[in-house]
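Content type TSV, C-alpha atoms, from the file structure_5.tsv:
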chain	number	residue	atom	x	y	z
O	1	MET	CA	-23.52	161.18	158.45
O	2	GLY	CA	-25.90	158.71	160.03
O	3	ASP	CA	-25.97	158.21	163.78
O	4	THR	CA	-24.71	154.65	163.51
O	5	ALA	CA	-21.85	155.40	161.15
O	6	GLY	CA	-18.73	153.45	162.01
O	7	SER	CA	-20.62	150.88	164.10
O	8	THR	CA	-21.42	147.98	161.79
O	9	ALA	CA	-21.25	144.50	163.34
O	10	ALA	CA	-17.62	143.96	162.31
O	11	THR	CA	-16.39	147.37	163.40
O	12	LYS	CA	-18.35	148.28	166.51
O	13	PRO	CA	-16.08	150.40	168.70
O	14	ASN	CA	-15.16	149.89	172.33
O	15	VAL	CA	-16.64	152.84	174.20
O	16	LEU	CA	-15.72	154.45	177.51
O	17	ILE	CA	-17.97	157.07	179.13
O	18	ILE	CA	-16.58	159.11	182.03
O	19	GLY	CA	-19.31	160.53	184.26
O	20	GLY	CA	-21.72	157.93	182.93
O	21	LEU	CA	-24.28	158.47	185.71
O	22	GLY	CA	-24.58	162.21	185.17
O	23	TYR	CA	-27.59	163.57	183.30
O	24	ILE	CA	-26.05	163.46	179.84
O	25	GLY	CA	-23.94	160.38	180.62
O	26	ARG	CA	-26.92	158.18	181.50
O	27	PHE	CA	-28.81	159.12	178.34
O	28	LEU	CA	-25.71	158.57	176.21
O	29	THR	CA	-25.13	155.20	177.86
O	30	ASN	CA	-28.72	154.17	177.22
O	31	TYR	CA	-28.57	155.36	173.60
O	32	ILE	CA	-25.45	153.33	172.84
O	33	HIS	CA	-26.72	150.29	174.77
O	34	THR	CA	-30.23	150.29	173.28
O	35	ASN	CA	-28.99	150.69	169.71
O	36	SER	CA	-26.16	148.14	170.16
O	37	LEU	CA	-23.60	150.62	168.87
O	38	ALA	CA	-20.61	149.41	170.89
O	39	SER	CA	-18.68	146.16	171.10
O	40	THR	CA	-17.73	146.96	174.69
O	41	LEU	CA	-19.41	149.73	176.70
O	42	ARG	CA	-18.00	150.84	180.05
O	43	ILE	CA	-19.28	153.73	182.13
O	44	VAL	CA	-17.29	155.14	185.02
O	45	ASP	CA	-18.57	157.25	187.88
O	46	LYS	CA	-17.75	157.92	191.53
O	47	GLN	CA	-21.39	157.37	192.46
O	48	LEU	CA	-23.12	153.98	192.52
O	49	PRO	CA	-26.06	153.35	190.18
O	50	GLN	CA	-28.28	152.44	193.13
O	51	LEU	CA	-27.84	155.98	194.51
O	52	ALA	CA	-28.21	157.87	191.23
O	53	SER	CA	-32.05	158.11	190.99
O	54	LEU	CA	-31.96	156.39	187.62
O	55	ALA	CA	-35.12	156.23	185.52
O	56	PRO	CA	-36.39	152.67	184.99
O	57	GLU	CA	-35.38	152.68	181.33
O	58	HIS	CA	-31.77	153.57	182.24
O	59	LYS	CA	-31.18	151.04	185.00
O	60	ASP	CA	-30.11	148.05	182.92
O	61	ALA	CA	-27.75	149.99	180.65
O	62	CYS	CA	-26.11	151.91	183.48
O	63	SER	CA	-25.82	149.00	185.91
O	64	ASP	CA	-24.63	146.32	183.46
O	65	ASN	CA	-21.73	148.40	182.15
O	66	PHE	CA	-20.71	150.19	185.34
O	67	MET	CA	-17.31	150.62	187.01
O	68	GLN	CA	-16.95	152.71	190.16
O	69	ALA	CA	-13.84	154.89	190.08
O	70	ASP	CA	-12.69	158.49	190.46
O	71	ALA	CA	-11.26	159.23	187.02
O	72	SER	CA	-9.84	162.57	188.19
O	73	ARG	CA	-7.17	160.58	190.10
O	74	PRO	CA	-4.31	159.33	187.86
O	75	PRO	CA	-3.82	156.11	189.90
O	76	SER	CA	-7.36	155.05	188.89
O	77	LEU	CA	-6.82	155.44	185.17
O	78	SER	CA	-5.12	152.15	184.35
O	79	ARG	CA	-8.09	150.25	185.81
O	80	VAL	CA	-10.52	152.57	184.00
O	81	PHE	CA	-8.84	152.11	180.59
O	82	ASP	CA	-7.67	148.49	180.74
O	83	LEU	CA	-9.59	145.92	178.72
O	84	PRO	CA	-8.97	142.14	178.52
O	85	ASP	CA	-7.16	140.43	175.63
O	86	ASP	CA	-5.03	143.50	174.80
O	87	GLN	CA	-8.06	145.38	173.53
O	88	SER	CA	-8.35	149.15	173.86
O	89	PHE	CA	-11.08	151.76	173.82
O	90	ASP	CA	-11.81	153.46	170.51
O	91	TYR	CA	-14.09	156.25	171.71
O	92	VAL	CA	-13.85	158.12	175.02
O	93	PHE	CA	-16.61	160.52	176.09
O	94	ASN	CA	-15.95	162.85	179.00
O	95	CYS	CA	-19.39	163.67	180.41
O	96	GLY	CA	-17.98	164.25	183.89
O	97	GLY	CA	-17.21	167.37	185.85
O	98	GLU	CA	-18.72	169.57	188.53
O	99	THR	CA	-22.20	170.73	187.46
O	100	ARG	CA	-23.22	172.62	190.61
O	101	HIS	CA	-23.14	176.39	190.51
O	102	SER	CA	-21.41	178.84	192.86
O	103	GLN	CA	-18.59	176.50	193.91
O	104	ASP	CA	-15.03	177.59	194.74
O	105	ASP	CA	-12.46	177.68	191.97
O	106	GLU	CA	-10.60	174.78	193.57
O	107	VAL	CA	-13.70	172.57	193.25
O	108	TYR	CA	-14.00	173.22	189.50
O	109	LYS	CA	-10.26	172.88	189.04
O	110	LEU	CA	-10.19	169.45	190.69
O	111	ARG	CA	-13.51	167.97	189.56
O	112	SER	CA	-13.70	169.42	186.04
O	113	TYR	CA	-10.35	170.68	184.75
O	114	GLU	CA	-8.08	168.01	186.25
O	115	LEU	CA	-10.56	165.28	185.38
O	116	SER	CA	-10.53	166.37	181.74
O	117	LEU	CA	-6.75	166.67	181.52
O	118	ASN	CA	-6.00	163.36	183.24
O	119	VAL	CA	-8.50	161.35	181.20
O	120	ALA	CA	-7.46	163.00	177.92
O	121	GLN	CA	-3.75	162.39	178.51
O	122	GLU	CA	-4.45	158.72	179.16
O	123	ALA	CA	-6.68	158.56	176.08
O	124	ALA	CA	-3.88	160.01	173.95
O	125	ARG	CA	-1.37	157.55	175.41
O	126	ARG	CA	-3.74	154.68	174.57
O	127	GLN	CA	-4.18	156.01	171.00
O	128	VAL	CA	-7.97	156.24	171.03
O	129	LYS	CA	-9.71	157.07	167.76
O	130	ALA	CA	-11.83	159.91	169.17
O	131	TYR	CA	-12.02	161.81	172.46
O	132	LEU	CA	-15.12	163.94	173.07
O	133	GLU	CA	-15.20	166.71	175.66
O	134	LEU	CA	-18.52	168.22	176.71
O	135	SER	CA	-18.22	171.95	177.32
O	136	THR	CA	-20.60	174.86	177.76
O	137	GLY	CA	-21.96	177.78	175.75
O	138	HIS	CA	-21.22	179.98	178.75
O	139	VAL	CA	-17.61	180.26	177.54
O	140	TYR	CA	-18.69	183.06	175.15
O	141	ASP	CA	-19.10	186.73	175.92
O	142	SER	CA	-22.60	187.04	177.42
O	143	LYS	CA	-23.54	190.44	175.97
O	144	ARG	CA	-26.70	190.61	173.85
O	145	ASP	CA	-25.15	190.19	170.43
O	146	PRO	CA	-25.90	187.97	167.40
O	147	PRO	CA	-25.70	184.20	168.06
O	148	ARG	CA	-22.18	183.09	168.95
O	149	LYS	CA	-20.14	181.17	166.44
O	150	GLU	CA	-17.27	178.90	167.45
O	151	THR	CA	-14.65	181.52	166.56
O	152	ASP	CA	-16.33	184.42	168.42
O	153	LYS	CA	-14.96	186.16	171.48
O	154	LEU	CA	-14.56	183.94	174.54
O	155	LYS	CA	-15.29	185.47	177.92
O	156	PRO	CA	-16.71	182.97	180.43
O	157	SER	CA	-19.66	184.26	182.42
O	158	LEU	CA	-19.54	181.53	185.10
O	159	LYS	CA	-16.70	180.08	187.19
O	160	GLN	CA	-17.64	176.64	185.93
O	161	ALA	CA	-17.26	177.91	182.34
O	162	LYS	CA	-13.89	179.50	183.12
O	163	TRP	CA	-12.47	176.08	184.02
O	164	LYS	CA	-14.20	174.41	181.07
O	165	LEU	CA	-12.50	176.90	178.76
O	166	GLN	CA	-9.14	176.31	180.44
O	167	ALA	CA	-9.66	172.59	179.86
O	168	GLU	CA	-10.50	173.24	176.19
O	169	GLU	CA	-7.26	175.21	175.77
O	170	ASP	CA	-5.04	172.63	177.43
O	171	LEU	CA	-6.69	169.60	175.83
O	172	SER	CA	-5.93	171.08	172.42
O	173	LYS	CA	-2.22	171.04	173.30
O	174	ILE	CA	-2.08	167.29	174.00
O	175	ALA	CA	-0.19	165.56	171.21
O	176	ASN	CA	-2.00	162.83	169.27
O	177	LEU	CA	-5.35	163.46	170.94
O	178	PRO	CA	-8.20	163.18	168.37
O	179	LEU	CA	-10.22	165.84	170.15
O	180	VAL	CA	-13.75	167.06	169.50
O	181	ILE	CA	-15.46	169.60	171.78
O	182	LEU	CA	-19.22	170.20	172.00
O	183	ARG	CA	-20.40	173.45	173.59
O	184	LEU	CA	-23.93	173.12	174.97
O	185	PRO	CA	-26.63	175.61	176.00
O	186	ASN	CA	-29.36	174.68	178.53
O	187	VAL	CA	-29.99	170.94	178.12
O	188	TYR	CA	-33.55	169.80	178.85
O	189	GLY	CA	-35.59	166.65	178.54
O	190	PRO	CA	-37.07	163.91	180.73
O	191	TYR	CA	-35.85	164.03	184.34
O	192	SER	CA	-33.82	167.23	183.77
O	193	GLY	CA	-32.81	169.34	186.75
O	194	GLN	CA	-30.56	172.41	186.47
O	195	TRP	CA	-32.10	175.24	184.39
O	196	MET	CA	-35.33	173.52	183.35
O	197	GLY	CA	-35.96	171.90	186.73
O	198	THR	CA	-35.51	175.20	188.56
O	199	GLN	CA	-37.84	177.03	186.14
O	200	LEU	CA	-40.60	174.46	186.56
O	201	ALA	CA	-40.25	174.19	190.34
O	202	LEU	CA	-40.55	178.00	190.58
O	203	ALA	CA	-43.66	177.94	188.42
O	204	ARG	CA	-45.21	175.23	190.59
O	205	VAL	CA	-44.55	177.31	193.72
O	206	TYR	CA	-46.11	180.45	192.24
O	207	GLN	CA	-49.09	178.38	191.11
O	208	GLY	CA	-49.44	177.14	194.68
O	209	ILE	CA	-49.20	180.58	196.31
O	210	GLU	CA	-51.34	182.10	193.52
O	211	LYS	CA	-48.93	184.90	192.67
O	212	GLU	CA	-47.62	186.29	189.40
O	213	LEU	CA	-44.21	184.93	188.37
O	214	LYS	CA	-41.97	187.73	187.18
O	215	TRP	CA	-38.50	187.44	185.65
O	216	LEU	CA	-35.70	189.96	185.69
O	217	TRP	CA	-34.14	191.63	182.62
O	218	GLY	CA	-36.84	191.19	179.99
O	219	PRO	CA	-38.42	188.70	177.57
O	220	GLU	CA	-35.74	189.17	174.90
O	221	LEU	CA	-32.90	187.73	177.04
O	222	ARG	CA	-31.87	184.52	175.26
O	223	THR	CA	-31.65	181.22	177.16
O	224	HIS	CA	-30.89	178.86	174.29
O	225	THR	CA	-31.76	175.19	174.62
O	226	VAL	CA	-31.19	171.71	173.23
O	227	HIS	CA	-33.05	168.46	173.95
O	228	ILE	CA	-31.13	165.62	175.58
O	229	ASP	CA	-32.03	163.24	172.73
O	230	ASP	CA	-30.31	165.53	170.25
O	231	VAL	CA	-27.30	165.95	172.56
O	232	VAL	CA	-26.58	162.22	172.70
O	233	ARG	CA	-27.10	161.79	168.96
O	234	ALA	CA	-24.73	164.71	168.40
O	235	CYS	CA	-22.15	163.09	170.69
O	236	TRP	CA	-22.24	159.84	168.73
O	237	THR	CA	-22.19	161.62	165.37
O	238	ALA	CA	-19.24	163.77	166.49
O	239	VAL	CA	-16.96	160.90	167.54
O	240	ASN	CA	-17.64	159.02	164.33
O	241	TRP	CA	-16.83	162.16	162.34
O	242	ARG	CA	-13.64	162.73	164.36
O	243	ALA	CA	-12.47	159.14	163.99
O	244	ASN	CA	-13.06	159.32	160.24
O	245	GLN	CA	-11.09	162.57	160.08
O	246	ALA	CA	-8.12	160.89	161.74
O	247	GLN	CA	-8.43	157.80	159.55
O	248	SER	CA	-8.49	159.84	156.34
O	249	GLY	CA	-5.44	161.80	157.45
O	250	ALA	CA	-7.31	165.08	157.95
O	251	ALA	CA	-5.75	166.83	160.92
O	252	ALA	CA	-8.89	168.43	162.26
O	253	ASP	CA	-7.20	170.16	165.13
O	254	SER	CA	-4.56	171.78	162.94
O	255	ALA	CA	-6.90	172.94	160.18
O	256	PRO	CA	-6.27	176.61	159.44
O	257	PRO	CA	-9.05	179.06	160.22
O	258	THR	CA	-10.88	180.59	157.30
O	259	PRO	CA	-10.00	184.23	156.52
O	260	THR	CA	-13.43	185.39	157.68
O	261	SER	CA	-13.22	183.39	160.93
O	262	PRO	CA	-10.08	184.34	162.86
O	263	SER	CA	-8.85	182.04	165.59
O	264	PRO	CA	-10.07	183.05	169.04
O	265	LYS	CA	-7.58	184.68	171.39
O	266	LYS	CA	-8.45	182.10	174.02
O	267	GLY	CA	-9.70	178.56	173.76
O	268	PRO	CA	-8.52	175.64	171.64
O	269	MET	CA	-5.60	176.27	169.28
O	270	SER	CA	-7.96	175.53	166.40
O	271	SER	CA	-11.71	175.83	166.29
O	272	ALA	CA	-11.94	173.11	163.64
O	273	SER	CA	-13.07	170.43	166.12
O	274	VAL	CA	-15.24	172.70	168.27
O	275	PHE	CA	-19.01	172.72	167.69
O	276	ASN	CA	-22.01	174.47	169.20
O	277	ILE	CA	-24.97	172.11	169.70
O	278	VAL	CA	-28.23	174.09	169.91
O	279	ASP	CA	-31.78	173.79	168.65
O	280	LYS	CA	-33.39	176.22	166.20
O	281	GLY	CA	-35.92	177.72	168.60
O	282	ASP	CA	-34.00	180.85	169.69
O	283	THR	CA	-35.31	180.17	173.21
O	284	SER	CA	-35.63	183.28	175.38
O	285	GLN	CA	-37.10	184.22	178.74
O	286	GLY	CA	-40.19	185.27	176.80
O	287	THR	CA	-40.50	181.73	175.39
O	288	MET	CA	-40.48	180.24	178.87
O	289	ALA	CA	-42.90	182.87	180.22
O	290	GLU	CA	-45.47	182.01	177.54
O	291	ILE	CA	-45.13	178.25	178.09
O	292	THR	CA	-45.31	178.64	181.88
O	293	LYS	CA	-48.46	180.75	181.64
O	294	ALA	CA	-50.12	178.18	179.37
O	295	LEU	CA	-49.13	175.13	181.44
O	296	PHE	CA	-49.65	176.43	184.98
O	297	GLY	CA	-52.49	178.88	184.46
O	298	ILE	CA	-50.61	181.67	186.25
O	299	GLU	CA	-49.82	185.24	185.27
O	300	THR	CA	-46.24	185.75	184.11
O	301	GLY	CA	-44.31	188.90	183.36
O	302	PHE	CA	-41.12	190.87	183.78
O	303	GLN	CA	-39.82	193.34	186.34
O	304	ASN	CA	-39.75	197.06	185.57
O	305	VAL	CA	-36.64	199.15	184.88
O	306	LEU	CA	-36.37	200.31	188.49
O	307	ILE	CA	-36.28	196.80	189.93
O	308	ASN	CA	-33.86	195.61	187.22
O	309	THR	CA	-31.53	198.49	188.05
O	310	PHE	CA	-31.70	197.63	191.74
O	311	ALA	CA	-31.04	193.96	190.93
O	312	ARG	CA	-27.90	194.80	188.95
O	313	LEU	CA	-26.48	196.51	192.02
O	314	ASN	CA	-27.84	194.14	194.67
O	315	LEU	CA	-28.18	190.75	192.99
O	316	GLU	CA	-27.28	188.77	196.09
O	317	SER	CA	-30.07	190.45	198.07
O	318	VAL	CA	-32.57	189.81	195.28
O	319	VAL	CA	-31.60	186.13	195.10
O	320	ASP	CA	-32.02	185.79	198.88
O	321	ASP	CA	-35.47	187.35	198.70
O	322	VAL	CA	-36.57	184.97	195.92
O	323	ASN	CA	-35.35	181.94	197.85
O	324	ASP	CA	-36.98	183.14	201.08
O	325	GLU	CA	-40.29	183.40	199.23
O	326	THR	CA	-40.18	180.01	197.52
O	327	LEU	CA	-38.39	177.40	199.63
O	328	ASP	CA	-40.98	177.04	202.41
O	329	PRO	CA	-43.95	176.79	200.00
O	330	TRP	CA	-41.98	174.18	198.01
O	331	ALA	CA	-41.48	172.11	201.16
O	332	GLU	CA	-45.19	172.42	201.95
O	333	LEU	CA	-46.11	171.24	198.45
O	334	GLN	CA	-43.86	168.20	198.89
O	335	GLN	CA	-45.42	167.41	202.24
O	336	LYS	CA	-48.98	167.72	200.91
O	337	ALA	CA	-48.11	165.44	198.00
O	338	GLY	CA	-46.59	162.85	200.34
O	339	LEU	CA	-43.23	162.93	198.56
O	340	GLU	CA	-41.22	161.37	201.36
O	341	GLY	CA	-38.44	160.38	198.96
O	342	GLY	CA	-37.92	164.00	197.95
O	343	THR	CA	-38.13	165.61	194.52
O	344	GLY	CA	-34.95	164.35	192.87
O	345	PRO	CA	-33.07	167.15	191.12
O	346	LEU	CA	-36.02	169.58	191.39
O	347	SER	CA	-35.84	172.68	193.55
O	348	PRO	CA	-36.88	176.31	193.17
O	349	PHE	CA	-33.61	177.34	194.87
O	350	MET	CA	-32.14	180.07	192.72
O	351	GLU	CA	-28.37	180.49	192.43
O	352	LYS	CA	-26.96	183.97	192.00
O	353	GLU	CA	-25.14	182.80	188.88
O	354	LEU	CA	-28.42	181.69	187.30
O	355	LEU	CA	-30.06	185.10	187.82
O	356	ARG	CA	-27.28	187.12	186.23
O	357	GLU	CA	-28.09	189.20	183.15
O	358	ALA	CA	-26.24	186.85	180.80
O	359	ASP	CA	-27.35	186.19	177.24
O	360	LEU	CA	-26.85	182.55	176.20
O	361	CYS	CA	-27.19	182.52	172.44
O	362	LEU	CA	-25.40	180.05	170.13
O	363	ASP	CA	-25.17	179.51	166.39
O	364	GLY	CA	-25.21	175.76	165.62
O	365	THR	CA	-24.86	176.01	161.84
O	366	LYS	CA	-21.31	174.68	161.70
O	367	PHE	CA	-22.11	171.23	163.14
O	368	GLU	CA	-25.11	170.78	160.87
O	369	GLN	CA	-23.13	171.72	157.77
O	370	THR	CA	-19.98	169.78	158.70
O	371	VAL	CA	-21.58	166.43	159.53
O	372	GLY	CA	-25.11	166.72	158.08
O	373	PHE	CA	-26.75	166.63	161.51
O	374	LYS	CA	-30.53	167.10	161.83
O	375	TYR	CA	-32.31	168.01	165.05
O	376	THR	CA	-35.37	165.97	166.03
O	377	HIS	CA	-36.48	168.51	168.68
O	378	GLU	CA	-36.20	171.77	166.77
O	379	LYS	CA	-37.51	174.10	169.46
O	380	LEU	CA	-38.79	174.27	173.02
O	381	THR	CA	-42.59	174.01	173.01
O	382	LYS	CA	-45.41	173.65	175.51
O	383	GLU	CA	-45.65	169.95	174.54
O	384	GLU	CA	-41.91	169.41	175.15
O	385	VAL	CA	-42.16	170.97	178.62
O	386	GLU	CA	-45.31	168.98	179.37
O	387	ALA	CA	-43.36	165.81	178.58
O	388	VAL	CA	-40.67	166.88	181.08
O	389	ILE	CA	-43.28	167.36	183.82
O	390	ASP	CA	-44.77	163.94	182.98
O	391	SER	CA	-41.32	162.41	183.53
O	392	TYR	CA	-41.16	164.02	186.98
O	393	LYS	CA	-44.54	162.54	187.80
O	394	ARG	CA	-43.38	159.07	186.73
O	395	MET	CA	-40.45	159.36	189.15
O	396	LYS	CA	-42.76	160.67	191.90
O	397	TRP	CA	-40.79	163.94	192.10
O	398	TRP	CA	-43.62	166.32	191.20
O	399	PRO	CA	-45.68	167.89	194.02

Since I need it in another form, could you write the structure as structure tokens?
Amino acid sequence: MGDTAGSTAATKPNVLIIGGLGYIGRFLTNYIHTNSLASTLRIVDKQLPQLASLAPEHKDACSDNFMQADASRPPSLSRVFDLPDDQSFDYVFNCGGETRHSQDDEVYKLRSYELSLNVAQEAARRQVKAYLELSTGHVYDSKRDPPRKETDKLKPSLKQAKWKLQAEEDLSKIANLPLVILRLPNVYGPYSGQWMGTQLALARVYQGIEKELKWLWGPELRTHTVHIDDVVRACWTAVNWRANQAQSGAAADSAPPTPTSPSPKKGPMSSASVFNIVDKGDTSQGTMAEITKALFGIETGFQNVLINTFARLNLESVVDDVNDETLDPWAELQQKAGLEGGTGPLSPFMEKELLREADLCLDGTKFEQTVGFKYTHEKLTKEEVEAVIDSYKRMKWWP
């Protein structure tokens, strides 16, 4: 299915993006806006565009179509969903939710789970043609096993993922909701923070202090990836596929599992509308170590068995030591570079959850086979990471 399927001039859908100023939301907004895929495009966020550190190429798309609202609050939803002349939204993308690590359960429950449920219930009431929920690959068991398929065991390794999975389960119970769920690994690309931003900030610090950068656990630990460009194309392809399923009378969410793929004990009632989105690179810690060494000219390696054993028992102490070693040099690098406006989403600050021995390894075959999707960024390379650093420099974030 082509990326613009279902969006010819006469049939362009009305599109609503919740969390439109988040990392994925702003790229999705720009993709739809730039390619003129929607008749009406509205993005909703609690934050204002002027405060969102938008890249120049995103400013017009995100500002022109913006509505400020807290979509996790039911009283806001009528304003969020209402359109003039008795029109309604066809596609709803939920790109919102709490993305910070190590928050309390109540934070994830309010900002992720309740947001998803409230928006989805309103979308079902308004009879949208497709509702897309962004989820995470961290919902799977994190042991070092073969790549996870959509029907494999679900055992969230992060608190954030626990609430994402609960949302998946409860969304699948909403009557008349044309649901599609995309589970993502580490998303990278221009201006990315989170996993990629932390990795690169750490490398820059160790380059500055001229020390070897060593990772825990070993080079074989998988940290699968997908480029932001492929994520937004996958989002658009998925809603068109889901809308066509509904139109043709195929009940995607009630499709029976195949005999060789039993339904999961947790998660959505059917895995038919759940897809892993992941590149073909089988990204691991070893991949990132090689790229870091090549780009930064520093020695990279991995801790020995003794230190790994200590870290398993004392992870909090290890995380504190890493942060103590890196935060002051990072501040000094910023000061030397004259970065008075700060470094955007970049920081070497390491969360305990990010240092856990958790294998993130997804099998994306199902989405490719179901909708004919092709990845344009097939694997993480030195050139891809170089392009990310160039984007930081353009924003004056890179010390």

Checklist entry - Which value, in Å to one decimal, gives the distance between atom CA of Thr223 of chain O and atom CA of Val92 of chain O? => result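 Separation between atom CA of Thr223 of chain O and atom CA of Val92 of chain O: 29.2 Å.
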
Checklist entry - What does the distance from atom CA of Lys396 of chain O to atom CA of Gly193 of chain O come to in Å, to one decimal? => result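 That distance, rounded to one decimal, is 14.2 Å.
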
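The gap separating atom CA of Gly189 of chain O from atom CA of Glu384 of chain O is 7.7 Å, in Å to one decimal.
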
6 Å per side around segment 64-68 of chain O: axis-aligned box centre and edge lengths, as JSON:
{"center_x": -20.8, "center_y": 149.5, "center_z": 186.2, "size_x": 19.7, "size_y": 18.4, "size_z": 20.0}

Checklist outcome for this item: Judged by only C-alpha atoms, the minimum distance to Thr11 of chain O among O:His138, O:Gln47, O:Asp90, O:Met67 is found for O:Asp90

Checklist entry - Of the candidates O:Gly342, O:Gly19, O:Pro268, O:Pro185, which one gets nearest to Glu168 of chain O if we count all atoms listed in the file? => result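 Of O:Gly342, O:Gly19, O:Pro268, O:Pro185, the one nearest Glu168 of chain O, counting all atoms listed in the file, is O:Pro268.
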
Item to check | Spatial neighbours of segment 224-233 of chain O, max dist 6 Å, all atoms listed in the file, sep filter under 3 positions, as number ranges by chain | outcome: O: 28, 185-189, 236, 278-279, 282-283, 360-361

Within 8 Å of file point (-33.3, 179.2, 186.8), counting all atoms listed in the file, expressed as a short mmCIF file (atom, residue, chain, number, x, y, z; two decimals) with C-alpha atoms, in the frame of the given file:
data_model
loop_
_atom_site.label_atom_id
_atom_site.label_comp_id
_atom_site.auth_asym_id
_atom_site.auth_seq_id
_atom_site.Cartn_x
_atom_site.Cartn_y
_atom_site.Cartn_z
CA GLN O 194 -30.56 172.41 186.47
CA TRP O 195 -32.10 175.24 184.39
CA MET O 196 -35.33 173.52 183.35
CA GLY O 197 -35.96 171.90 186.73
CA THR O 198 -35.51 175.20 188.56
CA GLN O 199 -37.84 177.03 186.14
CA PRO O 348 -36.88 176.31 193.17
CA MET O 350 -32.14 180.07 192.72
CA GLU O 351 -28.37 180.49 192.43
CA LEU O 354 -28.42 181.69 187.30
CA LEU O 355 -30.06 185.10 187.82
#

Item to check | Point (-24.0, 154.5, 190.0) neighbourhood (10 Å, only C-alpha atoms) written as a PyMOL selection string | outcome: chain O and resi 19-22+26+43-54+59+62-63+66-68

Output as a tab-separated table one row per residue of segment 312-351 of chain O within 9 Å of segment 206-220 of chain O: the closest atom pair and its distance in Å to one decimal place, counting only C-alpha atoms, sorted by chain and residue number ascending.
residue	atom	partner	partner_atom	distance
O:Thr326	CA	O:Tyr206	CA	8.0
O:Pro329	CA	O:Ile209	CA	7.5
O:Trp330	CA	O:Gly208	CA	8.7
O:Leu333	CA	O:Gly208	CA	7.8

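Closest approach to Ile181 of chain O among O:Asp64, O:Glu106, O:Glu325, O:Glu169 is made by O:Glu169 (distances from only C-alpha atoms).
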
Item to check | Exercise: Lys366 of chain O partners within 10 Å, all atoms listed in the file, chain neighbours under 6 positions left out, as a ChimeraX atom specification | outcome: /O:149-150,272,274-277,372-373

Item to check | Shortest interatomic distance to Ser142 of chain O - which of O:Glu357, O:Glu299, O:Glu368, O:Asp390, counting only C-alpha atoms | outcome: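 Going through O:Glu357, O:Glu299, O:Glu368, O:Asp390 one by one, the smallest distance to Ser142 of chain O is for O:Glu357.
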
Checklist entry - Which polymer residues have any atom within 10 Å of an atom of Met288 of chain O, counting all atoms listed in the file, with same-chain residues fewer than 3 positions away left out, as a ChimeraX atom specification? => result /O:196,199-200,219,223,283-285,291-294,300,380-382,385

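Considering all atoms listed in the file, the residue among O:Lys143, O:Ala55, O:Trp397, O:Asp170 positioned nearest to Arg356 of chain O is O:Lys143.
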
Item to check | Residues near Val239 of chain O, cut-off 9 Å, all atoms listed in the file, skip fewer than 6 positions along chain, as JSON, numbers by chain | outcome: {"O": [91, 92, 93, 129, 130, 131, 132, 179, 180]}

Store the residues picked out above, limited to C-alpha atoms, as a compact mmCIF listing (two decimals), in the coordinates of the input.
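Saved result, again.txt, follows:
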# COMPACT_ATOMS: atom_id res chain seq x y z
CA TYR O 91 -14.09 156.25 171.71
CA VAL O 92 -13.85 158.12 175.02
CA PHE O 93 -16.61 160.52 176.09
CA LYS O 129 -9.71 157.07 167.76
CA ALA O 130 -11.83 159.91 169.17
CA TYR O 131 -12.02 161.81 172.46
CA LEU O 132 -15.12 163.94 173.07
CA LEU O 179 -10.22 165.84 170.15
CA VAL O 180 -13.75 167.06 169.50
